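**Q** Following this message is one structure expressed as structure tokens.
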Amino acid sequence: MSKRNADIEKWNVEDAQFWEQEGKHIANRNLWISIPSLLMGFAVWMMWGMITTQMQNLGFSFTVNQLFSLTALAGLAGATLRIPASFMIRIAGGRNTIFLTTALLMIPAAGTGIALMNPGTPFWVFQALALLSGIGGGNFACSMSNISTFYPSKQQGYALGMNAGLGNFGVTTMQIVIPLVMTVGVFGAIAGSPMELQSASGTLIGRIEAGTDTWIQNAGFIWLLFLIPLAFAGWFGMNNLRTITPNPGSPLAAFSKILGLYGVGMVTAIVGMLALSWLNMWVALPLTIVLTLVLLRLIPGDIKPNIQKQFAIFSNKHTWSMTILYILTFGSFIGFSSAL
């Protein structure tokens, strides 16, 4: 392992001399790998708002309600996965976590591209891919908790603002990039044949008339061009801080912890999806949250004490005040970005 991405045993950024001589350079390197990784997370998470619009324009045989439900499922999964993702840094390490969670985004990106190549793809496949794209939403929690550990308290506002603020540009990036790349055969024969647009559409640079060749599959494939190098950058350029994660274990052990936590979130997101279909939103959302917390407390093994220790935040009234505020602010941003 090279020195650049080695685990760091000594980390005292509140010491001004250490910060200037060593800490600042390492922290900034980790930040500027984290930002585009998070941006890609938002792009993959939110892509269904644009994809479903074009699926309708291309004549996919799904109802408007079904198409809207795909954006809702992605939102539900992303919100649910943020709960287990908030524990990842302390038990698996920042480098391990950001690398794997970024690499995992390749699954919904590639899978969506493949599914969109065939208008006859069953609806349940798109439901599964929408749920998997929620990984991008969940990544926000681990990304933010990771970056905050690299900076002294007086600069954490800057670091978190840059990470979250520029990361959120993934929504804008997705809304601009997807309509543009669908108008060109970017990947040639590898990505299959185009479909004919049945209803007029548009891009940032103008209207696209009905009858135009459209490569809707590019809406998924395009993110691989960024995710693959970003995964390499995360692995070879980021660090685990042993002062924050004393025992991440081997990379494989750390990956198993991350996958286990996201596995819990996926199970409860599926339960939430069924509750949305059978009951209603006001039952599905609290049911999903409560079930996620209960299952996290039941996780066996050596990570259980660490997780249970962090559950202290739920007895703090400020946690719940900020939760309500965040639902109203960030929740509105994500909801309107998807639906409109």
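Chain identifiers are assigned as A, B, and so on, following the order in which chains appear in the structure tokens; residues are numbered from 1 within each chain, and ligands are numbered from 1 in order of appearance.
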At a cut-off of 10 Å, using only C-alpha atoms, what residues contact A:Leu261? Leave out same-chain residues fewer than 3 positions from it and give the result as number ranges by chain.

**A** A: 81, 83-88, 255-258, 264-266, 292, 295-296, 299

**Q** Could you pull out the strand (DSSP E) residues of stretch 49-232 of chain A, going by DSSP on the backbone, and write them as a ChimeraX atom specification?

**A** /A:195-196,201-203,206-208,213-214

**Q** Would you put the residues from that selection into a file with all heavy atoms, as an mmCIF file, in the first residue's frame?

**A**
data_model
loop_
_atom_site.group_PDB
_atom_site.id
_atom_site.type_symbol
_atom_site.label_atom_id
_atom_site.label_comp_id
_atom_site.auth_asym_id
_atom_site.auth_seq_id
_atom_site.Cartn_x
_atom_site.Cartn_y
_atom_site.Cartn_z
ATOM 1 N N MET A 195 -33.985 4.305 -29.910
ATOM 2 C CA MET A 195 -35.435 4.209 -30.072
ATOM 3 C C MET A 195 -35.928 5.520 -30.659
ATOM 4 O O MET A 195 -35.246 6.553 -30.564
ATOM 5 C CB MET A 195 -36.107 3.947 -28.726
ATOM 6 C CG MET A 195 -35.756 2.620 -28.097
ATOM 7 S SD MET A 195 -36.544 2.458 -26.482
ATOM 8 C CE MET A 195 -35.157 1.844 -25.518
ATOM 9 N N GLU A 196 -37.106 5.468 -31.209
ATOM 10 C CA GLU A 196 -37.668 6.662 -31.828
ATOM 11 C C GLU A 196 -38.555 7.396 -30.832
ATOM 12 O O GLU A 196 -39.469 6.823 -30.248
ATOM 13 C CB GLU A 196 -38.482 6.278 -33.066
ATOM 14 C CG GLU A 196 -38.896 7.468 -33.913
ATOM 15 C CD GLU A 196 -39.584 7.031 -35.191
ATOM 16 O OE1 GLU A 196 -38.879 6.539 -36.101
ATOM 17 O OE2 GLU A 196 -40.833 7.175 -35.271
ATOM 18 N N SER A 201 -39.583 16.278 -26.950
ATOM 19 C CA SER A 201 -38.876 16.447 -25.686
ATOM 20 C C SER A 201 -37.985 17.674 -25.802
ATOM 21 O O SER A 201 -38.207 18.520 -26.671
ATOM 22 C CB SER A 201 -38.067 15.181 -25.373
ATOM 23 O OG SER A 201 -37.408 15.304 -24.149
ATOM 24 N N GLY A 202 -36.982 17.786 -24.946
ATOM 25 C CA GLY A 202 -36.107 18.948 -25.016
ATOM 26 C C GLY A 202 -34.843 18.752 -24.230
ATOM 27 O O GLY A 202 -34.730 17.842 -23.406
ATOM 28 N N THR A 203 -33.864 19.598 -24.483
ATOM 29 C CA THR A 203 -32.617 19.615 -23.726
ATOM 30 C C THR A 203 -32.310 21.060 -23.386
ATOM 31 O O THR A 203 -33.073 21.977 -23.716
ATOM 32 C CB THR A 203 -31.435 19.048 -24.532
ATOM 33 O OG1 THR A 203 -31.112 19.976 -25.586
ATOM 34 C CG2 THR A 203 -31.773 17.704 -25.142
ATOM 35 N N GLY A 206 -32.216 23.052 -26.651
ATOM 36 C CA GLY A 206 -33.334 23.184 -27.581
ATOM 37 C C GLY A 206 -34.280 22.003 -27.601
ATOM 38 O O GLY A 206 -34.076 20.984 -26.945
ATOM 39 N N ARG A 207 -35.319 22.152 -28.406
ATOM 40 C CA ARG A 207 -36.393 21.175 -28.520
ATOM 41 C C ARG A 207 -35.951 19.979 -29.368
ATOM 42 O O ARG A 207 -35.180 20.119 -30.315
ATOM 43 C CB ARG A 207 -37.607 21.853 -29.174
ATOM 44 C CG ARG A 207 -38.830 20.976 -29.393
ATOM 45 C CD ARG A 207 -39.918 21.817 -30.075
ATOM 46 N NE ARG A 207 -41.057 21.001 -30.478
ATOM 47 C CZ ARG A 207 -42.099 20.752 -29.704
ATOM 48 N NH1 ARG A 207 -42.142 21.252 -28.484
ATOM 49 N NH2 ARG A 207 -43.116 20.021 -30.142
ATOM 50 N N ILE A 208 -36.448 18.795 -28.985
ATOM 51 C CA ILE A 208 -36.204 17.577 -29.747
ATOM 52 C C ILE A 208 -37.549 17.078 -30.257
ATOM 53 O O ILE A 208 -38.439 16.773 -29.463
ATOM 54 C CB ILE A 208 -35.546 16.486 -28.886
ATOM 55 C CG1 ILE A 208 -34.286 17.017 -28.207
ATOM 56 C CG2 ILE A 208 -35.213 15.261 -29.725
ATOM 57 C CD1 ILE A 208 -33.692 16.046 -27.217
ATOM 58 N N ASP A 213 -34.127 9.916 -33.174
ATOM 59 C CA ASP A 213 -33.473 8.774 -32.533
ATOM 60 C C ASP A 213 -33.015 9.154 -31.129
ATOM 61 O O ASP A 213 -32.420 10.231 -30.926
ATOM 62 C CB ASP A 213 -32.261 8.321 -33.358
ATOM 63 C CG ASP A 213 -32.669 7.502 -34.570
ATOM 64 O OD1 ASP A 213 -33.840 7.069 -34.616
ATOM 65 O OD2 ASP A 213 -31.821 7.302 -35.458
ATOM 66 N N THR A 214 -33.280 8.264 -30.175
ATOM 67 C CA THR A 214 -32.979 8.552 -28.769
ATOM 68 C C THR A 214 -32.330 7.343 -28.111
ATOM 69 O O THR A 214 -32.864 6.244 -28.185
ATOM 70 C CB THR A 214 -34.277 8.922 -28.010
ATOM 71 O OG1 THR A 214 -34.866 10.069 -28.623
ATOM 72 C CG2 THR A 214 -33.990 9.235 -26.552
#

**Q** Compile the contact shell of stretch 220-233 of chain A as a PyMOL selection string: residues with an atom at most 6 Å away, counting only C-alpha atoms, same-chain residues fewer than 3 positions apart removed.

**A** chain A and resi 99+102-103+109-110+112-113+217+236-237

**Q** Between atom CA of A:Pro305 and atom CA of A:Ile244, what distance in Å does the model show, to one decimal?

**A**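 Distance reported for this atom pair: 15.4 Å.
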
**Q** Could you name the residues that touch A:Phe140 at 10 Å or less, counting only C-alpha atoms, but leaving out those on the same chain fewer than 4 positions away, as number ranges by chain?

**A** A: 37-39, 41-42, 78-79, 81-82, 85-86, 135-136, 144-146, 163-164, 167-168

**Q** Include N, CA, C and O atoms and write out the residues we just selected as a PDB file, in the first residue's frame.

**A**
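Result went into again-v5.pdb, see below:
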ATOM      1  N   SER A  37     -17.358  12.293  -5.816  1.00  0.00           N
ATOM      2  CA  SER A  37     -17.970  11.002  -5.497  1.00  0.00           C
ATOM      3  C   SER A  37     -19.386  11.203  -4.993  1.00  0.00           C
ATOM      4  O   SER A  37     -20.318  10.485  -5.383  1.00  0.00           O
ATOM      5  N   LEU A  38     -19.558  12.198  -4.133  1.00  0.00           N
ATOM      6  CA  LEU A  38     -20.903  12.504  -3.629  1.00  0.00           C
ATOM      7  C   LEU A  38     -21.783  13.070  -4.732  1.00  0.00           C
ATOM      8  O   LEU A  38     -22.979  12.763  -4.814  1.00  0.00           O
ATOM      9  N   LEU A  39     -21.196  13.895  -5.594  1.00  0.00           N
ATOM     10  CA  LEU A  39     -21.954  14.438  -6.736  1.00  0.00           C
ATOM     11  C   LEU A  39     -22.520  13.306  -7.592  1.00  0.00           C
ATOM     12  O   LEU A  39     -23.686  13.345  -8.000  1.00  0.00           O
ATOM     13  N   GLY A  41     -23.164  10.345  -6.530  1.00  0.00           N
ATOM     14  CA  GLY A  41     -24.200   9.711  -5.732  1.00  0.00           C
ATOM     15  C   GLY A  41     -25.544  10.380  -5.930  1.00  0.00           C
ATOM     16  O   GLY A  41     -26.574   9.716  -6.125  1.00  0.00           O
ATOM     17  N   PHE A  42     -25.549  11.705  -5.905  1.00  0.00           N
ATOM     18  CA  PHE A  42     -26.792  12.443  -6.121  1.00  0.00           C
ATOM     19  C   PHE A  42     -27.317  12.251  -7.538  1.00  0.00           C
ATOM     20  O   PHE A  42     -28.526  12.136  -7.766  1.00  0.00           O
ATOM     21  N   GLY A  78     -33.022   5.932  -0.655  1.00  0.00           N
ATOM     22  CA  GLY A  78     -31.934   6.835  -0.285  1.00  0.00           C
ATOM     23  C   GLY A  78     -32.066   7.340   1.135  1.00  0.00           C
ATOM     24  O   GLY A  78     -31.077   7.408   1.886  1.00  0.00           O
ATOM     25  N   ALA A  79     -33.291   7.692   1.524  1.00  0.00           N
ATOM     26  CA  ALA A  79     -33.521   8.176   2.888  1.00  0.00           C
ATOM     27  C   ALA A  79     -33.284   7.064   3.907  1.00  0.00           C
ATOM     28  O   ALA A  79     -32.669   7.275   4.961  1.00  0.00           O
ATOM     29  N   LEU A  81     -31.384   4.339   3.584  1.00  0.00           N
ATOM     30  CA  LEU A  81     -29.982   3.922   3.641  1.00  0.00           C
ATOM     31  C   LEU A  81     -29.105   4.932   4.366  1.00  0.00           C
ATOM     32  O   LEU A  81     -27.999   4.593   4.807  1.00  0.00           O
ATOM     33  N   ARG A  82     -29.576   6.155   4.512  1.00  0.00           N
ATOM     34  CA  ARG A  82     -28.783   7.125   5.274  1.00  0.00           C
ATOM     35  C   ARG A  82     -28.672   6.736   6.745  1.00  0.00           C
ATOM     36  O   ARG A  82     -27.710   7.113   7.413  1.00  0.00           O
ATOM     37  N   ALA A  85     -25.910   4.138   6.924  1.00  0.00           N
ATOM     38  CA  ALA A  85     -24.681   4.754   6.410  1.00  0.00           C
ATOM     39  C   ALA A  85     -24.039   5.675   7.433  1.00  0.00           C
ATOM     40  O   ALA A  85     -22.816   5.881   7.413  1.00  0.00           O
ATOM     41  N   SER A  86     -24.831   6.218   8.337  1.00  0.00           N
ATOM     42  CA  SER A  86     -24.280   7.141   9.330  1.00  0.00           C
ATOM     43  C   SER A  86     -23.348   6.443  10.313  1.00  0.00           C
ATOM     44  O   SER A  86     -22.567   7.089  11.007  1.00  0.00           O
ATOM     45  N   ILE A 135     -28.641   3.922  -3.044  1.00  0.00           N
ATOM     46  CA  ILE A 135     -27.287   3.916  -2.480  1.00  0.00           C
ATOM     47  C   ILE A 135     -26.675   5.311  -2.592  1.00  0.00           C
ATOM     48  O   ILE A 135     -25.971   5.772  -1.694  1.00  0.00           O
ATOM     49  N   GLY A 136     -26.954   5.986  -3.702  1.00  0.00           N
ATOM     50  CA  GLY A 136     -26.413   7.335  -3.888  1.00  0.00           C
ATOM     51  C   GLY A 136     -26.917   8.304  -2.847  1.00  0.00           C
ATOM     52  O   GLY A 136     -26.187   9.198  -2.408  1.00  0.00           O
ATOM     53  N   MET A 144     -20.489  12.808   4.594  1.00  0.00           N
ATOM     54  CA  MET A 144     -20.412  13.971   5.473  1.00  0.00           C
ATOM     55  C   MET A 144     -19.727  13.640   6.795  1.00  0.00           C
ATOM     56  O   MET A 144     -18.907  14.415   7.297  1.00  0.00           O
ATOM     57  N   SER A 145     -20.071  12.488   7.378  1.00  0.00           N
ATOM     58  CA  SER A 145     -19.448  12.136   8.650  1.00  0.00           C
ATOM     59  C   SER A 145     -17.955  11.881   8.466  1.00  0.00           C
ATOM     60  O   SER A 145     -17.156  12.127   9.378  1.00  0.00           O
ATOM     61  N   ASN A 146     -17.554  11.400   7.295  1.00  0.00           N
ATOM     62  CA  ASN A 146     -16.143  11.173   7.032  1.00  0.00           C
ATOM     63  C   ASN A 146     -15.371  12.480   6.922  1.00  0.00           C
ATOM     64  O   ASN A 146     -14.341  12.664   7.578  1.00  0.00           O
ATOM     65  N   ASN A 163     -18.478  19.984   0.662  1.00  0.00           N
ATOM     66  CA  ASN A 163     -18.830  18.605   0.332  1.00  0.00           C
ATOM     67  C   ASN A 163     -20.318  18.484  -0.020  1.00  0.00           C
ATOM     68  O   ASN A 163     -20.684  17.912  -1.049  1.00  0.00           O
ATOM     69  N   ALA A 164     -21.154  19.044   0.828  1.00  0.00           N
ATOM     70  CA  ALA A 164     -22.600  18.937   0.593  1.00  0.00           C
ATOM     71  C   ALA A 164     -23.053  19.845  -0.538  1.00  0.00           C
ATOM     72  O   ALA A 164     -23.838  19.435  -1.401  1.00  0.00           O
ATOM     73  N   GLY A 167     -21.618  18.646  -3.789  1.00  0.00           N
ATOM     74  CA  GLY A 167     -22.195  17.325  -4.009  1.00  0.00           C
ATOM     75  C   GLY A 167     -23.636  17.405  -4.494  1.00  0.00           C
ATOM     76  O   GLY A 167     -24.060  16.639  -5.371  1.00  0.00           O
ATOM     77  N   ASN A 168     -24.385  18.350  -3.954  1.00  0.00           N
ATOM     78  CA  ASN A 168     -25.776  18.526  -4.369  1.00  0.00           C
ATOM     79  C   ASN A 168     -25.918  18.927  -5.830  1.00  0.00           C
ATOM     80  O   ASN A 168     -26.995  18.782  -6.416  1.00  0.00           O
TER      81      ASN A 168
END

**Q** At a cut-off of 8 Å, using only C-alpha atoms, what residues contact A:Asn96? Leave out same-chain residues fewer than 2 positions from it and give the result as a list in words.

**A** Ala92, Gly93, Gly94, Ile98, Phe99, Leu100, Trp235, Asn240, Pro251, Ala254 and Phe255 of chain A

**Q** Could you save the residues just selected, with all heavy atoms, as a PDB file, in the first residue's frame?

**A**
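Written out: result-v4.pdb:
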ATOM      1  N   ALA A  92     -15.896   1.036   9.819  1.00  0.00           N
ATOM      2  CA  ALA A  92     -15.249   0.503   8.615  1.00  0.00           C
ATOM      3  C   ALA A  92     -14.153   1.394   8.057  1.00  0.00           C
ATOM      4  O   ALA A  92     -13.364   0.941   7.229  1.00  0.00           O
ATOM      5  CB  ALA A  92     -16.298   0.244   7.528  1.00  0.00           C
ATOM      6  N   GLY A  93     -14.078   2.657   8.461  1.00  0.00           N
ATOM      7  CA  GLY A  93     -13.037   3.553   7.962  1.00  0.00           C
ATOM      8  C   GLY A  93     -13.490   4.363   6.760  1.00  0.00           C
ATOM      9  O   GLY A  93     -14.276   3.890   5.931  1.00  0.00           O
ATOM     10  N   GLY A  94     -12.983   5.575   6.653  1.00  0.00           N
ATOM     11  CA  GLY A  94     -13.421   6.488   5.598  1.00  0.00           C
ATOM     12  C   GLY A  94     -13.046   6.033   4.207  1.00  0.00           C
ATOM     13  O   GLY A  94     -13.869   6.041   3.291  1.00  0.00           O
ATOM     14  N   ILE A  98     -15.904   5.136   1.441  1.00  0.00           N
ATOM     15  CA  ILE A  98     -16.136   5.966   0.263  1.00  0.00           C
ATOM     16  C   ILE A  98     -15.814   5.200  -1.013  1.00  0.00           C
ATOM     17  O   ILE A  98     -16.530   5.298  -2.016  1.00  0.00           O
ATOM     18  CB  ILE A  98     -15.313   7.271   0.338  1.00  0.00           C
ATOM     19  CG1 ILE A  98     -15.662   8.046   1.617  1.00  0.00           C
ATOM     20  CG2 ILE A  98     -15.588   8.135  -0.904  1.00  0.00           C
ATOM     21  CD1 ILE A  98     -17.138   8.329   1.809  1.00  0.00           C
ATOM     22  N   PHE A  99     -14.748   4.393  -0.985  1.00  0.00           N
ATOM     23  CA  PHE A  99     -14.435   3.578  -2.159  1.00  0.00           C
ATOM     24  C   PHE A  99     -15.588   2.636  -2.497  1.00  0.00           C
ATOM     25  O   PHE A  99     -16.068   2.592  -3.632  1.00  0.00           O
ATOM     26  CB  PHE A  99     -13.162   2.763  -1.931  1.00  0.00           C
ATOM     27  CG  PHE A  99     -13.050   1.580  -2.859  1.00  0.00           C
ATOM     28  CD1 PHE A  99     -12.730   1.758  -4.199  1.00  0.00           C
ATOM     29  CD2 PHE A  99     -13.303   0.288  -2.413  1.00  0.00           C
ATOM     30  CE1 PHE A  99     -12.655   0.675  -5.076  1.00  0.00           C
ATOM     31  CE2 PHE A  99     -13.221  -0.800  -3.277  1.00  0.00           C
ATOM     32  CZ  PHE A  99     -12.902  -0.605  -4.610  1.00  0.00           C
ATOM     33  N   LEU A 100     -16.037   1.849  -1.512  1.00  0.00           N
ATOM     34  CA  LEU A 100     -17.037   0.818  -1.807  1.00  0.00           C
ATOM     35  C   LEU A 100     -18.389   1.428  -2.149  1.00  0.00           C
ATOM     36  O   LEU A 100     -19.046   0.973  -3.102  1.00  0.00           O
ATOM     37  CB  LEU A 100     -17.178  -0.141  -0.625  1.00  0.00           C
ATOM     38  CG  LEU A 100     -18.147  -1.305  -0.867  1.00  0.00           C
ATOM     39  CD1 LEU A 100     -17.697  -2.153  -2.055  1.00  0.00           C
ATOM     40  CD2 LEU A 100     -18.286  -2.165   0.389  1.00  0.00           C
ATOM     41  N   TRP A 235      -9.856   4.739  -3.656  1.00  0.00           N
ATOM     42  CA  TRP A 235      -9.042   3.666  -3.097  1.00  0.00           C
ATOM     43  C   TRP A 235      -7.576   4.065  -2.940  1.00  0.00           C
ATOM     44  O   TRP A 235      -6.935   3.772  -1.932  1.00  0.00           O
ATOM     45  CB  TRP A 235      -9.150   2.422  -3.973  1.00  0.00           C
ATOM     46  CG  TRP A 235      -8.396   1.260  -3.434  1.00  0.00           C
ATOM     47  CD1 TRP A 235      -7.229   0.726  -3.912  1.00  0.00           C
ATOM     48  CD2 TRP A 235      -8.735   0.475  -2.291  1.00  0.00           C
ATOM     49  NE1 TRP A 235      -6.832  -0.349  -3.136  1.00  0.00           N
ATOM     50  CE2 TRP A 235      -7.738  -0.522  -2.127  1.00  0.00           C
ATOM     51  CE3 TRP A 235      -9.803   0.525  -1.378  1.00  0.00           C
ATOM     52  CZ2 TRP A 235      -7.775  -1.449  -1.102  1.00  0.00           C
ATOM     53  CZ3 TRP A 235      -9.836  -0.408  -0.355  1.00  0.00           C
ATOM     54  CH2 TRP A 235      -8.831  -1.383  -0.226  1.00  0.00           C
ATOM     55  N   ASN A 240      -8.011   6.054   5.849  1.00  0.00           N
ATOM     56  CA  ASN A 240      -8.728   5.724   7.076  1.00  0.00           C
ATOM     57  C   ASN A 240      -8.014   6.405   8.233  1.00  0.00           C
ATOM     58  O   ASN A 240      -6.777   6.339   8.326  1.00  0.00           O
ATOM     59  CB  ASN A 240      -8.726   4.212   7.339  1.00  0.00           C
ATOM     60  CG  ASN A 240      -9.410   3.428   6.234  1.00  0.00           C
ATOM     61  OD1 ASN A 240     -10.444   3.836   5.722  1.00  0.00           O
ATOM     62  ND2 ASN A 240      -8.829   2.285   5.877  1.00  0.00           N
ATOM     63  N   PRO A 251      -9.491  -4.774   4.578  1.00  0.00           N
ATOM     64  CA  PRO A 251     -10.476  -4.197   3.653  1.00  0.00           C
ATOM     65  C   PRO A 251     -11.685  -5.093   3.430  1.00  0.00           C
ATOM     66  O   PRO A 251     -12.820  -4.604   3.396  1.00  0.00           O
ATOM     67  CB  PRO A 251      -9.658  -4.011   2.366  1.00  0.00           C
ATOM     68  CG  PRO A 251      -8.266  -3.769   2.850  1.00  0.00           C
ATOM     69  CD  PRO A 251      -8.117  -4.661   4.044  1.00  0.00           C
ATOM     70  N   ALA A 254     -13.922  -4.819   6.398  1.00  0.00           N
ATOM     71  CA  ALA A 254     -14.608  -3.525   6.381  1.00  0.00           C
ATOM     72  C   ALA A 254     -15.740  -3.526   5.350  1.00  0.00           C
ATOM     73  O   ALA A 254     -16.842  -3.033   5.617  1.00  0.00           O
ATOM     74  CB  ALA A 254     -13.613  -2.410   6.081  1.00  0.00           C
ATOM     75  N   PHE A 255     -15.457  -4.092   4.173  1.00  0.00           N
ATOM     76  CA  PHE A 255     -16.491  -4.152   3.130  1.00  0.00           C
ATOM     77  C   PHE A 255     -17.692  -4.968   3.597  1.00  0.00           C
ATOM     78  O   PHE A 255     -18.837  -4.629   3.283  1.00  0.00           O
ATOM     79  CB  PHE A 255     -15.924  -4.757   1.844  1.00  0.00           C
ATOM     80  CG  PHE A 255     -14.840  -3.945   1.194  1.00  0.00           C
ATOM     81  CD1 PHE A 255     -13.985  -4.528   0.269  1.00  0.00           C
ATOM     82  CD2 PHE A 255     -14.669  -2.608   1.504  1.00  0.00           C
ATOM     83  CE1 PHE A 255     -12.979  -3.784  -0.336  1.00  0.00           C
ATOM     84  CE2 PHE A 255     -13.662  -1.857   0.907  1.00  0.00           C
ATOM     85  CZ  PHE A 255     -12.816  -2.449  -0.008  1.00  0.00           C
TER      86      PHE A 255
END

**Q** Could you give me, as a VMD selection string, the residues within 8 Å of A:Arg297, counting only C-alpha atoms and dropping anything in the same chain fewer than 5 positions from it?

**A** chain A and resid 304 307 to 308

**Q** To one decimal in Å, tell me the separation between atom CA of A:Leu131 and atom CA of A:Leu73.

**A**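 Computing the Euclidean distance for atom CA of A:Leu131 and atom CA of A:Leu73 yields 5.9 Å.
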
**Q** Among stretch 69-260 of chain A, which ones does DSSP assign to helix (DSSP H, G or I) (computed from the backbone)? Answer as a PyMOL selection string.

**A** chain A and resi 69-85+88-92+94-104+106-116+123-148+153-167+169-181+188-191+218-221+224-237+251-260

**Q** Which residues of stretch 224-322 of chain A sit at most 7 Å from stretch 6-21 of chain A, using only C-alpha atoms? Give each one's shortest atom pair and distance in Å (one decimal place), in chain and ascending residue order, as CSV.

**A**
residue,atom,partner,partner_atom,distance
A:Asn239,CA,A:Asp7,CA,5.6
A:Asn240,CA,A:Asp7,CA,4.8
A:Leu241,CA,A:Ile8,CA,5.0
A:Arg242,CA,A:Glu9,CA,5.1
A:Thr243,CA,A:Glu9,CA,6.3

**Q** Next, write the just-selected residues to a file, as a tab-separated table (two decimals), in the first residue's frame, keeping N, CA and C atoms as the atom set.

**A**
chain	number	residue	atom	x	y	z
A	239	ASN	N	-7.92	8.14	2.89
A	239	ASN	CA	-7.30	7.53	4.07
A	239	ASN	C	-8.35	7.11	5.09
A	240	ASN	N	-8.01	6.05	5.85
A	240	ASN	CA	-8.73	5.72	7.08
A	240	ASN	C	-8.01	6.41	8.23
A	241	LEU	N	-8.75	7.07	9.11
A	241	LEU	CA	-8.17	7.68	10.29
A	241	LEU	C	-8.35	6.71	11.46
A	242	ARG	N	-7.25	6.16	11.95
A	242	ARG	CA	-7.34	5.20	13.05
A	242	ARG	C	-7.79	5.86	14.35
A	243	THR	N	-7.64	7.17	14.46
A	243	THR	CA	-8.15	7.86	15.64
A	243	THR	C	-9.68	7.87	15.66

**Q** So that I can see what lies close to A:Trp215, please list as a compact mmCIF listing (two decimals) with N, CA and C atoms, in the first residue's frame the residues with an atom at most 9 Å from it, counting only C-alpha atoms and leaving out residues fewer than 2 positions away in the same chain.

**A**
# COMPACT_ATOMS: atom_id res chain seq x y z
N LEU A 116 -32.94 -0.23 -19.89
CA LEU A 116 -33.57 0.74 -20.80
C LEU A 116 -33.34 0.40 -22.27
N MET A 117 -32.45 -0.53 -22.56
CA MET A 117 -32.22 -0.94 -23.95
C MET A 117 -33.40 -1.71 -24.51
N VAL A 181 -27.12 13.51 -23.42
CA VAL A 181 -26.45 12.28 -23.88
C VAL A 181 -27.43 11.33 -24.57
N MET A 182 -28.73 11.52 -24.35
CA MET A 182 -29.70 10.65 -25.02
C MET A 182 -29.86 11.00 -26.49
N THR A 183 -29.33 12.13 -26.90
CA THR A 183 -29.49 12.54 -28.30
C THR A 183 -28.36 12.06 -29.20
N VAL A 184 -27.35 11.41 -28.60
CA VAL A 184 -26.16 11.00 -29.37
C VAL A 184 -25.80 9.57 -28.99
N GLY A 185 -25.35 8.79 -29.95
CA GLY A 185 -24.89 7.43 -29.68
C GLY A 185 -23.50 7.44 -29.09
N VAL A 186 -23.38 7.91 -27.86
CA VAL A 186 -22.08 8.12 -27.22
C VAL A 186 -21.24 6.85 -27.19
N ALA A 191 -23.75 0.13 -26.69
CA ALA A 191 -24.95 0.47 -25.94
C ALA A 191 -26.24 0.13 -26.68
N GLY A 192 -26.15 -0.51 -27.81
CA GLY A 192 -27.35 -0.93 -28.51
C GLY A 192 -27.93 0.14 -29.43
N SER A 193 -29.09 -0.17 -29.97
CA SER A 193 -29.73 0.70 -30.97
C SER A 193 -30.57 1.78 -30.29
N PRO A 194 -30.80 2.88 -31.01
CA PRO A 194 -31.67 3.93 -30.46
C PRO A 194 -33.14 3.56 -30.61
N MET A 195 -33.98 4.30 -29.91
CA MET A 195 -35.44 4.21 -30.07
C MET A 195 -35.93 5.52 -30.66
N GLU A 196 -37.11 5.47 -31.21
CA GLU A 196 -37.67 6.66 -31.83
C GLU A 196 -38.56 7.40 -30.83
N ASP A 213 -34.13 9.92 -33.17
CA ASP A 213 -33.47 8.77 -32.53
C ASP A 213 -33.01 9.15 -31.13
N GLN A 217 -30.80 4.61 -22.98
CA GLN A 217 -29.90 3.79 -22.17
C GLN A 217 -28.67 4.56 -21.71
N ASN A 218 -28.31 5.61 -22.44
CA ASN A 218 -27.16 6.42 -22.04
C ASN A 218 -27.38 7.11 -20.69
N ALA A 219 -28.65 7.24 -20.29
CA ALA A 219 -28.96 7.87 -19.00
C ALA A 219 -28.36 7.08 -17.84

**Q** Quick one: of A:Ile147, A:Met273, A:Ala339, A:Met55, who's nearest to A:Met162, counting only C-alpha atoms?

**A** A:Ile147
